[in-house]
$ cat structure_28.tsv   # TSV, C-alpha atoms
chain	number	residue	atom	x	y	z
A	1	MET	CA	26.72	68.72	-5.51
A	2	SER	CA	24.37	71.05	-7.30
A	3	GLU	CA	20.78	71.35	-6.17
A	4	SER	CA	19.41	69.55	-9.21
A	5	HIS	CA	21.67	66.58	-8.45
A	6	THR	CA	20.38	66.41	-4.87
A	7	ASP	CA	16.80	66.48	-6.15
A	8	ALA	CA	17.57	63.68	-8.57
A	9	ALA	CA	19.08	61.58	-5.78
A	10	ILE	CA	16.08	62.13	-3.51
A	11	SER	CA	13.58	61.31	-6.20
A	12	SER	CA	15.48	58.24	-7.41
A	13	ALA	CA	14.09	54.77	-6.90
A	14	TRP	CA	16.70	54.11	-4.19
A	15	SER	CA	15.99	57.05	-1.91
A	16	GLY	CA	13.36	55.21	0.12
A	17	GLY	CA	9.60	55.29	0.29
A	18	VAL	CA	9.23	53.56	-3.07
A	19	SER	CA	9.69	50.01	-4.34
A	20	PRO	CA	12.69	49.83	-6.68
A	21	PHE	CA	11.85	46.24	-7.67
A	22	ALA	CA	8.17	47.15	-8.15
A	23	ILE	CA	7.03	44.58	-5.58
A	24	GLY	CA	5.75	44.94	-2.01
A	25	SER	CA	7.89	44.49	1.12
A	26	LYS	CA	6.18	41.20	2.04
A	27	LYS	CA	6.99	39.65	-1.31
A	28	LEU	CA	10.56	40.92	-1.16
A	29	GLY	CA	10.90	39.50	2.37
A	30	MET	CA	9.62	36.12	1.24
A	31	TRP	CA	12.07	36.07	-1.69
A	32	LEU	CA	14.96	36.80	0.68
A	33	PHE	CA	13.81	34.01	3.00
A	34	ILE	CA	13.53	31.63	0.02
A	35	ILE	CA	17.07	32.40	-1.15
A	36	SER	CA	18.53	31.79	2.32
A	37	ASP	CA	16.47	28.61	2.82
A	38	ALA	CA	17.55	27.41	-0.64
A	39	LEU	CA	21.16	27.69	0.51
A	40	THR	CA	20.38	25.67	3.65
A	41	PHE	CA	18.96	22.88	1.50
A	42	THR	CA	21.90	23.20	-0.91
A	43	ALA	CA	24.32	22.62	1.97
A	44	LEU	CA	22.36	19.55	3.12
A	45	LEU	CA	22.05	18.08	-0.37
A	46	VAL	CA	25.69	18.72	-1.27
A	47	ALA	CA	26.86	17.08	1.97
A	48	TYR	CA	24.58	14.14	1.17
A	49	SER	CA	25.76	13.85	-2.47
A	50	TYR	CA	29.40	13.95	-1.39
A	51	SER	CA	28.77	11.14	1.11
A	52	ARG	CA	26.83	9.23	-1.56
A	53	LEU	CA	29.72	9.39	-4.03
A	54	THR	CA	32.58	8.79	-1.64
A	55	ASN	CA	31.25	5.95	0.52
A	56	PRO	CA	31.89	2.57	-1.09
A	57	ASN	CA	29.02	0.84	0.68
A	58	TRP	CA	26.15	3.27	0.31
A	59	PRO	CA	22.90	1.32	0.72
A	60	THR	CA	20.51	1.26	-2.24
A	61	PRO	CA	17.44	0.03	-0.39
A	62	PHE	CA	14.54	1.54	-2.34
A	63	PRO	CA	12.43	-1.05	-4.20
A	64	ILE	CA	9.79	-0.04	-6.75
A	65	TRP	CA	7.11	-0.64	-4.12
A	66	PRO	CA	6.64	1.15	-1.81
A	67	ALA	CA	9.57	3.60	-1.95
A	68	ILE	CA	9.91	4.58	-5.62
A	69	ALA	CA	6.20	4.29	-6.50
A	70	LEU	CA	5.21	6.36	-3.47
A	71	SER	CA	7.89	9.01	-3.87
A	72	SER	CA	7.04	9.37	-7.59
A	73	MET	CA	3.39	9.74	-6.63
A	74	MET	CA	4.38	12.32	-3.99
A	75	SER	CA	6.29	14.29	-6.66
A	76	VAL	CA	3.21	14.41	-8.91
A	77	ILE	CA	1.01	15.39	-5.93
A	78	LEU	CA	3.36	18.22	-4.99
A	79	LEU	CA	3.59	19.43	-8.61
A	80	SER	CA	-0.21	19.33	-8.87
A	81	SER	CA	-0.55	21.26	-5.60
A	82	SER	CA	1.72	23.93	-7.12
A	83	LEU	CA	-0.69	24.11	-10.07
A	84	THR	CA	-3.71	24.55	-7.76
A	85	MET	CA	-1.79	27.20	-5.80
A	86	VAL	CA	-1.00	29.18	-8.93
A	87	MET	CA	-4.72	29.01	-9.83
A	88	GLY	CA	-5.52	30.31	-6.33
A	89	VAL	CA	-3.10	33.22	-6.76
A	90	ALA	CA	-4.70	34.04	-10.14
A	91	ALA	CA	-8.20	33.87	-8.59
A	92	ALA	CA	-7.10	36.20	-5.76
A	93	ALA	CA	-5.70	38.68	-8.30
A	94	ARG	CA	-9.11	38.64	-10.07
A	95	GLY	CA	-10.80	39.30	-6.72
A	96	ASP	CA	-12.67	35.98	-6.78
A	97	ARG	CA	-12.61	35.19	-3.07
A	98	ARG	CA	-14.59	31.94	-3.16
A	99	ALA	CA	-12.45	30.42	-5.94
A	100	THR	CA	-9.26	31.48	-4.14
A	101	VAL	CA	-10.27	29.67	-0.94
A	102	LYS	CA	-11.29	26.59	-2.97
A	103	TRP	CA	-7.92	26.43	-4.77
A	104	ILE	CA	-5.94	26.98	-1.56
A	105	LEU	CA	-7.90	24.21	0.20
A	106	LEU	CA	-7.07	21.88	-2.70
A	107	THR	CA	-3.40	22.84	-2.34
A	108	MET	CA	-3.54	22.06	1.39
A	109	LEU	CA	-5.13	18.71	0.60
A	110	GLY	CA	-2.19	17.93	-1.71
A	111	GLY	CA	0.26	18.91	1.05
A	112	ALA	CA	-1.55	16.77	3.63
A	113	LEU	CA	-1.61	13.80	1.25
A	114	PHE	CA	2.13	14.26	0.67
A	115	ILE	CA	2.78	14.12	4.44
A	116	VAL	CA	0.60	11.02	4.90
A	117	LEU	CA	2.40	9.13	2.10
A	118	HIS	CA	5.79	10.27	3.35
A	119	MET	CA	5.02	9.15	6.91
A	120	TYR	CA	3.90	5.77	5.56
A	121	GLU	CA	7.23	5.48	3.75
A	122	TRP	CA	9.19	6.55	6.85
A	123	LEU	CA	7.39	4.07	9.10
A	124	HIS	CA	8.01	1.32	6.57
A	125	LEU	CA	11.77	2.03	6.64
A	126	ILE	CA	11.83	2.35	10.44
A	127	ASP	CA	10.05	-0.98	10.59
A	128	ASP	CA	12.83	-2.43	8.42
A	129	GLY	CA	15.32	-1.22	11.04
A	130	LEU	CA	16.58	2.05	9.56
A	131	ARG	CA	17.78	4.47	12.25
A	132	PRO	CA	19.52	7.86	12.03
A	133	PHE	CA	22.88	6.28	12.91
A	134	SER	CA	22.56	2.74	11.64
A	135	ASN	CA	20.81	0.63	9.05
A	136	PRO	CA	20.00	-3.04	8.63
A	137	TRP	CA	21.77	-3.33	5.26
A	138	ASN	CA	25.35	-3.15	6.62
A	139	GLY	CA	25.88	0.00	4.63
A	140	SER	CA	27.34	3.37	5.52
A	141	PRO	CA	25.71	4.61	8.74
A	142	LEU	CA	25.55	8.07	7.13
A	143	PHE	CA	22.62	6.84	5.05
A	144	GLY	CA	20.09	7.12	7.89
A	145	ALA	CA	21.38	10.51	9.03
A	146	THR	CA	21.18	12.04	5.55
A	147	PHE	CA	17.85	10.36	4.70
A	148	PHE	CA	16.02	11.44	7.86
A	149	GLY	CA	17.82	14.80	7.95
A	150	VAL	CA	17.00	15.90	4.40
A	151	THR	CA	13.51	14.41	4.03
A	152	GLY	CA	12.58	15.40	7.60
A	153	MET	CA	13.66	18.99	6.99
A	154	HIS	CA	11.58	19.03	3.80
A	155	MET	CA	8.54	17.45	5.46
A	156	THR	CA	8.70	20.10	8.19
A	157	HIS	CA	8.55	22.74	5.46
A	158	VAL	CA	5.50	21.05	3.92
A	159	ALA	CA	3.74	20.85	7.32
A	160	ILE	CA	4.46	24.53	8.03
A	161	GLY	CA	3.24	25.34	4.50
A	162	VAL	CA	-0.09	23.56	5.09
A	163	LEU	CA	-0.63	25.55	8.32
A	164	TYR	CA	0.44	28.82	6.65
A	165	LEU	CA	-1.98	28.22	3.75
A	166	GLY	CA	-4.74	27.43	6.28
A	167	VAL	CA	-4.23	30.82	7.93
A	168	ILE	CA	-4.14	32.58	4.54
A	169	ALA	CA	-7.27	30.80	3.23
A	170	THR	CA	-9.24	31.66	6.39
A	171	GLY	CA	-8.05	35.26	6.43
A	172	PHE	CA	-8.58	35.86	2.71
A	173	GLY	CA	-12.05	34.25	2.90
A	174	ARG	CA	-12.97	36.77	5.60
A	175	GLY	CA	-11.49	39.68	3.68
A	176	LYS	CA	-8.64	40.23	6.16
A	177	PHE	CA	-5.82	39.49	3.73
A	178	THR	CA	-4.94	40.98	0.36
A	179	PRO	CA	-4.19	39.19	-2.94
A	180	GLU	CA	-0.51	40.00	-2.24
A	181	ASP	CA	-0.67	37.87	0.93
A	182	VAL	CA	-1.99	34.97	-1.15
A	183	GLU	CA	0.78	35.45	-3.71
A	184	VAL	CA	3.46	35.52	-0.98
A	185	SER	CA	2.15	32.27	0.55
A	186	GLY	CA	2.16	30.85	-2.99
A	187	LEU	CA	5.86	31.69	-3.33
A	188	TYR	CA	6.57	29.69	-0.17
A	189	TRP	CA	4.53	26.75	-1.42
A	190	HIS	CA	6.26	26.67	-4.82
A	191	PHE	CA	9.60	26.78	-3.02
A	192	VAL	CA	8.68	23.67	-1.02
A	193	ASP	CA	7.80	21.99	-4.33
A	194	LEU	CA	11.06	23.22	-5.87
A	195	VAL	CA	13.18	21.70	-3.09
A	196	TRP	CA	11.48	18.32	-3.56
A	197	MET	CA	12.53	18.44	-7.22
A	198	PHE	CA	16.10	17.94	-5.93
A	199	VAL	CA	15.36	15.76	-2.90
A	200	PHE	CA	13.42	13.18	-4.92
A	201	PRO	CA	16.08	12.33	-7.54
A	202	LEU	CA	19.05	12.69	-5.21
A	203	ILE	CA	17.73	10.73	-2.22
A	204	TYR	CA	15.37	8.24	-3.87
A	205	LEU	CA	16.40	7.79	-7.50
A	206	MET	CA	20.12	7.59	-6.66
A	207	SER	CA	19.42	4.66	-4.31
A	208	VAL	CA	17.01	2.40	-6.20
A	209	LYS	CA	17.18	-1.33	-5.66
A	210	TYR	CA	17.41	-2.91	-9.10
D	1	MET	CA	-14.66	40.53	-15.51
D	2	SER	CA	-14.15	41.96	-18.98
D	3	ALA	CA	-13.94	39.72	-22.03
D	4	HIS	CA	-10.30	40.72	-22.44
D	5	ALA	CA	-9.44	39.78	-18.84
D	6	GLU	CA	-11.24	36.45	-19.26
D	7	THR	CA	-9.26	35.63	-22.43
D	8	HIS	CA	-6.08	36.59	-20.58
D	9	ALA	CA	-6.97	34.36	-17.58
D	10	ALA	CA	-7.77	31.42	-19.89
D	11	GLY	CA	-4.40	31.92	-21.67
D	12	ALA	CA	-2.56	32.00	-18.33
D	13	THR	CA	-4.32	28.81	-17.16
D	14	LYS	CA	-3.29	27.05	-20.37
D	15	THR	CA	0.34	28.11	-19.81
D	16	TYR	CA	0.28	26.84	-16.20
D	17	VAL	CA	-1.16	23.48	-17.23
D	18	TRP	CA	1.51	23.13	-19.94
D	19	VAL	CA	4.28	23.88	-17.43
D	20	TRP	CA	2.77	21.31	-15.03
D	21	PHE	CA	2.67	18.76	-17.88
D	22	TRP	CA	6.38	19.26	-18.65
D	23	LEU	CA	7.32	19.07	-14.98
D	24	VAL	CA	5.52	15.73	-14.64
D	25	ALA	CA	7.05	14.50	-17.92
D	26	ILE	CA	10.61	15.34	-16.80
D	27	THR	CA	9.90	13.59	-13.47
D	28	GLY	CA	8.88	10.51	-15.50
D	29	ILE	CA	12.15	10.67	-17.47
D	30	GLU	CA	14.09	10.85	-14.20
D	31	VAL	CA	12.34	7.76	-12.80
D	32	PHE	CA	13.05	5.91	-16.08
D	33	LEU	CA	16.76	6.87	-15.94
D	34	ALA	CA	17.03	5.62	-12.35
D	35	TYR	CA	16.57	2.08	-13.68
D	36	GLU	CA	19.25	2.39	-16.36
D	37	HIS	CA	22.59	1.17	-15.07
D	38	ILE	CA	24.53	4.41	-15.23
D	39	ARG	CA	27.71	5.28	-13.30
D	40	PRO	CA	26.77	7.25	-10.12
D	41	ASP	CA	28.75	10.38	-11.06
D	42	ILE	CA	27.17	10.57	-14.54
D	43	MET	CA	23.74	9.74	-13.09
D	44	LEU	CA	24.11	12.50	-10.47
D	45	THR	CA	25.06	15.02	-13.15
D	46	ILE	CA	22.11	14.08	-15.42
D	47	LEU	CA	19.56	14.10	-12.58
D	48	VAL	CA	20.76	17.45	-11.22
D	49	GLY	CA	20.70	18.86	-14.78
D	50	LEU	CA	17.10	17.74	-15.35
D	51	SER	CA	16.04	19.01	-11.91
D	52	THR	CA	17.62	22.39	-12.66
D	53	ILE	CA	15.40	22.64	-15.76
D	54	LYS	CA	12.35	21.81	-13.61
D	55	VAL	CA	13.30	24.38	-10.99
D	56	ALA	CA	13.83	27.03	-13.67
D	57	LEU	CA	10.30	26.32	-15.01
D	58	ILE	CA	8.79	26.55	-11.51
D	59	MET	CA	10.59	29.82	-10.74
D	60	ALA	CA	9.82	31.41	-14.10
D	61	TYR	CA	6.13	30.49	-14.38
D	62	PHE	CA	4.71	29.40	-11.02
D	63	MET	CA	6.74	31.92	-9.00
D	64	HIS	CA	6.12	34.58	-11.68
D	65	LEU	CA	9.78	35.59	-12.00
D	66	ARG	CA	9.29	35.82	-15.75
D	67	TRP	CA	6.92	38.73	-15.23
D	68	GLU	CA	8.90	40.52	-12.50
D	69	LYS	CA	11.34	43.35	-13.12
D	70	LEU	CA	14.67	42.09	-14.44
D	71	SER	CA	16.46	43.98	-11.64
D	72	LEU	CA	14.76	41.72	-9.05
D	73	VAL	CA	15.86	38.56	-10.85
D	74	LEU	CA	19.42	39.87	-11.21
D	75	TRP	CA	19.49	40.79	-7.54
D	76	LEU	CA	18.27	37.41	-6.29
D	77	ILE	CA	19.49	34.68	-8.60
D	78	PRO	CA	23.17	35.29	-9.54
D	79	ALA	CA	24.18	35.73	-5.87
D	80	MET	CA	22.51	32.44	-4.97
D	81	VAL	CA	24.06	30.63	-7.94
D	82	PHE	CA	27.48	32.03	-6.97
D	83	CYS	CA	27.10	30.73	-3.39
D	84	ILE	CA	26.03	27.30	-4.68
D	85	CYS	CA	29.04	27.19	-7.04
D	86	MET	CA	31.34	28.05	-4.13
D	87	ILE	CA	29.91	25.12	-2.16
D	88	LEU	CA	30.22	22.77	-5.15
D	89	ILE	CA	33.76	23.77	-6.06
D	90	PHE	CA	35.10	22.51	-2.74
D	91	PHE	CA	33.24	19.21	-2.63
D	92	PHE	CA	32.82	17.73	-6.05
D	93	PRO	CA	36.25	17.52	-7.65
D	94	ASP	CA	37.26	15.44	-4.63
D	95	GLY	CA	34.00	13.49	-4.55
D	96	PHE	CA	34.34	12.48	-8.21
D	97	ARG	CA	38.04	11.61	-7.71
D	98	LEU	CA	37.24	9.20	-4.89
D	99	GLU	CA	34.29	7.79	-6.79
D	100	ARG	CA	36.42	7.09	-9.90
D	101	GLN	CA	39.18	5.60	-7.81
D	102	ARG	CA	36.61	3.18	-6.41
D	103	GLN	CA	35.38	2.26	-9.90
D	104	GLU	CA	38.93	1.39	-10.95
D	105	LYS	CA	39.78	-0.48	-7.76
D	106	PRO	CA	36.60	-1.66	-6.04
D	107	LEU	CA	36.88	-1.72	-2.28
D	108	SER	CA	35.59	-5.02	-0.97
D	109	GLN	CA	34.76	-5.60	2.68
D	110	ASN	CA	37.83	-7.88	2.92
D	111	SER	CA	40.25	-5.26	1.69
D	112	ILE	CA	39.36	-2.80	4.44
D	113	PRO	CA	42.03	-2.82	7.15
D	114	ALA	CA	40.76	-4.52	10.30
D	115	GLY	CA	41.15	-1.34	12.32
D	116	ASN	CA	38.66	0.50	10.13
D	117	VAL	CA	35.89	-2.06	10.18
D	118	HIS	CA	33.93	-0.04	12.71
D	119	VAL	CA	33.61	2.72	10.09
D	120	TRP	CA	31.48	0.45	7.93
D	121	ARG	CA	29.64	-1.58	10.53
D	122	VAL	CA	27.85	0.36	13.23
$ encode --input "structure_28.tsv" --output "C-alpha cells"
Amino acid sequence: MSESHTDAAISSAWSGGVSPFAIGSKKLGMWLFIISDALTFTALLVAYSYSRLTNPNWPTPFPIWPAIALSSMMSVILLSSSLTMVMGVAAAARGDRRATVKWILLTMLGGALFIVLHMYEWLHLIDDGLRPFSNPWNGSPLFGATFFGVTGMHMTHVAIGVLYLGVIATGFGRGKFTPEDVEVSGLYWHFVDLVWMFVFPLIYLMSVKY
Amino acid sequence: MSAHAETHAAGATKTYVWVWFWLVAITGIEVFLAYEHIRPDIMLTILVGLSTIKVALIMAYFMHLRWEKLSLVLWLIPAMVFCICMILIFFFPDGFRLERQRQEKPLSQNSIPAGNVHVWRV
C-alpha cells in the first residue's frame, strides 16, 4: 500500500477517535440497547400473538370499564409524556436549564400516573381471580402468563425510566449533566412509549369483551 | 436566543404537537376498530400495521432519527427489521393456518378428547 493510501485509511471516519455516525458514544450506546431491547419485546409479543391465534379458548375479558378506558387513557398519557420529553430535550439543547427540569418533571409525572393506573388495572384483574397460570374464565391458562409477563416487563421499563429521568433532571438542574445526557434519557423514554404502542393493541384491543 | 433560533424552536414545537396529535388519532382509530367484529388474523394485521405507522412517527420525530445521518439509520433499522422478519417467518404461517382451521371447524369444549381436557382447564 502506498503511503498516501495509509494516510487516507488513518484519516478516514473509521480509523477511530472520531464519530462516523456524527453522534456521541452515549447516544450510540443507548441506540444499541434500544435495538436489543426491542428484539426482546418482539420475542415476547410474537410468542403472545401466536398463542392468541392458535388457542381456541383465549379469554376476552376486557370490558370498556375499567380495562379499555384505562388502557386507552394510559396510551394518551404515555404519548403526552413523550411530547413533554421532546420539549425537555429541545429546552436542554437551547441551554434553558429551568425549562428542561420542568419538562422532565412533567414527563416523570406522566410515567408515575401510568404506573398508578396500570397497578389499579392489575389489582382489579387479580381481584377477579386472574393468576399467571390460571384464570377464572375457563380460558387458556397462557392468558395470565402472557398478560403479566408482557405488561409487567413494560411496567418495569416505565418505573426504571421514571427513576432514570429523576437522576437526569437533578443532575442537569445542578449543571452536572450535558444536553446530550438529556437527549439520551429521552431516547429511552420514547422507546418505552414505542413499546406500549404494540402492547396496547395486541394485549388489550385483541381481547375486548363485546 | 436569536430571533432565528426562536422561530426555529416554535416551528419544531408545532411539528412535535402535530405528531402527537396524529399518534393520539391513530390510537383512537385502533380503539374504534377493536369494537368492530373482525376476524382475529385480519384484526391483528390491521392493528400491527397501524402501530408500525405510530412507531415510525415516534422514531422519526421524537427520537430525531429524521435528522440523524442516514448511515446511522441504515446501520440500526434494517438489521432489526431483518431479525423481526426471521422471528415472524417461523411463527405466523402456522399461526394463521391453525386460526383458519378453527374458523372452518370450530372446536367446542365437547369435541376435545377427554385426555386433553387438562390443557384447557387448569
$ closest_residue --input "structure_28.tsv" --among "A:Tyr164, A:Phe147, A:Phe21, A:Phe172" --to "chain D" --atoms "all atoms listed in the file"
A:Phe21
$ residues_around --input "structure_28.tsv" --residues "D:Tyr16" --least-positions-apart "6" --cutoff "8 Å" --atoms "all atoms listed in the file" --output "MDAnalysis selection string"
(chainID A and resid 83 86) or (chainID D and resid 61:62)
$ closest_residue --input "structure_28.tsv" --among "D:Met63, D:Ala79, D:Ile29, D:Met86" --to "chain A" --atoms "all atoms listed in the file"
D:Met63
$ atom_distance --input "structure_28.tsv" --atom1 "atom CA of A:Gly88" --atom2 "atom CA of A:Thr100"
4.5 Å
$ closest_atom_pairs --input "structure_28.tsv" --of "stretch 97-187 of chain A" --to "stretch 60-67 of chain A" --cutoff "10 Å" --atoms "all atoms listed in the file" --output "CSV"
residue,atom,partner,partner_atom,distance
A:Leu117,CA,A:Pro66,CA,9.8
A:His118,CA,A:Ala67,CA,9.3
A:Tyr120,CA,A:Pro66,CA,9.1
A:Glu121,CA,A:Ala67,CA,6.4
A:Trp122,CA,A:Ala67,CA,9.3
A:His124,CA,A:Pro66,CA,8.5
A:Leu125,CA,A:Ala67,CA,9.0
A:Pro136,CA,A:Pro61,CA,9.9
A:Trp137,CA,A:Pro61,CA,7.9
A:Gly139,CA,A:Thr60,CA,8.8
A:Phe143,CA,A:Thr60,CA,9.4
$ closest_residue --input "structure_28.tsv" --among "A:Gly16, A:Thr170, A:Trp189, A:Ala22" --to "D:Lys69" --atoms "all atoms listed in the file"
A:Ala22
$ atom_distance --input "structure_28.tsv" --atom1 "atom CA of A:Gly171" --atom2 "atom CA of A:Ser25"
19.2 Å
$ interface_residues --input "structure_28.tsv" --of "chain D" --to "chain A" --cutoff "7 Å" --atoms "all atoms listed in the file" --output "PDB file with C-alpha atoms, in the frame of the given file"
ATOM      1  CA  TYR D  16       0.280  26.840 -16.200  1.00  0.00           C
ATOM      2  CA  TRP D  20       2.770  21.310 -15.030  1.00  0.00           C
ATOM      3  CA  VAL D  24       5.520  15.730 -14.640  1.00  0.00           C
ATOM      4  CA  VAL D  31      12.340   7.760 -12.800  1.00  0.00           C
ATOM      5  CA  ALA D  34      17.030   5.620 -12.350  1.00  0.00           C
ATOM      6  CA  TYR D  35      16.570   2.080 -13.680  1.00  0.00           C
ATOM      7  CA  LEU D  47      19.560  14.100 -12.580  1.00  0.00           C
ATOM      8  CA  SER D  51      16.040  19.010 -11.910  1.00  0.00           C
ATOM      9  CA  VAL D  55      13.300  24.380 -10.990  1.00  0.00           C
ATOM     10  CA  ILE D  58       8.790  26.550 -11.510  1.00  0.00           C
ATOM     11  CA  PHE D  62       4.710  29.400 -11.020  1.00  0.00           C
ATOM     12  CA  MET D  63       6.740  31.920  -9.000  1.00  0.00           C
ATOM     13  CA  LYS D  69      11.340  43.350 -13.120  1.00  0.00           C
ATOM     14  CA  SER D  71      16.460  43.980 -11.640  1.00  0.00           C
ATOM     15  CA  LEU D  72      14.760  41.720  -9.050  1.00  0.00           C
ATOM     16  CA  MET D  80      22.510  32.440  -4.970  1.00  0.00           C
ATOM     17  CA  ILE D  84      26.030  27.300  -4.680  1.00  0.00           C
ATOM     18  CA  PHE D  91      33.240  19.210  -2.630  1.00  0.00           C
ATOM     19  CA  PHE D  92      32.820  17.730  -6.050  1.00  0.00           C
ATOM     20  CA  GLY D  95      34.000  13.490  -4.550  1.00  0.00           C
ATOM     21  CA  PHE D  96      34.340  12.480  -8.210  1.00  0.00           C
ATOM     22  CA  LEU D  98      37.240   9.200  -4.890  1.00  0.00           C
ATOM     23  CA  GLU D  99      34.290   7.790  -6.790  1.00  0.00           C
ATOM     24  CA  LEU D 107      36.880  -1.720  -2.280  1.00  0.00           C
ATOM     25  CA  TRP D 120      31.480   0.450   7.930  1.00  0.00           C
ATOM     26  CA  ARG D 121      29.640  -1.580  10.530  1.00  0.00           C
ATOM     27  CA  VAL D 122      27.850   0.360  13.230  1.00  0.00           C
TER      28      VAL D 122
END
$ closest_residue --input "structure_28.tsv" --among "A:Ser12, A:Ser71, A:Thr151, A:Thr178" --to "A:Asp96" --atoms "only C-alpha atoms"
A:Thr178
$ atom_distance --input "structure_28.tsv" --atom1 "atom CA of A:Leu78" --atom2 "atom CA of A:Gly111"
6.8 Å
$ residues_around --input "structure_28.tsv" --residues "D:Lys54" --least-positions-apart "2" --cutoff "9 Å" --atoms "all atoms listed in the file" --output "NGL selection string"
(:A and (194 or 197)) or (:D and (22-23 or 26-27 or 49-52 or 56-59))
$ axis_aligned_box --input "structure_28.tsv" --around "stretch 141-152 of chain A" --padding-each-side "6 Å" --output "JSON"
{"center_x": 19.1, "center_y": 10.3, "center_z": 6.5, "size_x": 25.1, "size_y": 23.3, "size_z": 17.0}
$ decode --input "structure_28.tsv" --residues "stretch 26-43 of chain D" --atoms "C-alpha atoms" --output "PDB file, in the first residue's frame"
ATOM      1  CA  ILE D  26     -54.391   6.629  15.289  1.00  0.00           C
ATOM      2  CA  THR D  27     -54.798   5.274  18.848  1.00  0.00           C
ATOM      3  CA  GLY D  28     -58.457   6.382  18.675  1.00  0.00           C
ATOM      4  CA  ILE D  29     -58.902   4.548  15.356  1.00  0.00           C
ATOM      5  CA  GLU D  30     -57.418   1.403  16.907  1.00  0.00           C
ATOM      6  CA  VAL D  31     -59.834   1.524  19.858  1.00  0.00           C
ATOM      7  CA  PHE D  32     -62.743   2.019  17.418  1.00  0.00           C
ATOM      8  CA  LEU D  33     -61.636  -0.981  15.312  1.00  0.00           C
ATOM      9  CA  ALA D  34     -61.424  -3.178  18.418  1.00  0.00           C
ATOM     10  CA  TYR D  35     -65.224  -2.988  18.657  1.00  0.00           C
ATOM     11  CA  GLU D  36     -65.821  -3.949  15.023  1.00  0.00           C
ATOM     12  CA  HIS D  37     -66.312  -7.685  14.691  1.00  0.00           C
ATOM     13  CA  ILE D  38     -63.278  -8.517  12.580  1.00  0.00           C
ATOM     14  CA  ARG D  39     -61.606 -11.931  12.215  1.00  0.00           C
ATOM     15  CA  PRO D  40     -58.629 -12.157  14.655  1.00  0.00           C
ATOM     16  CA  ASP D  41     -55.993 -12.678  11.933  1.00  0.00           C
ATOM     17  CA  ILE D  42     -57.196  -9.659   9.915  1.00  0.00           C
ATOM     18  CA  MET D  43     -57.580  -7.601  13.106  1.00  0.00           C
TER      19      MET D  43
END
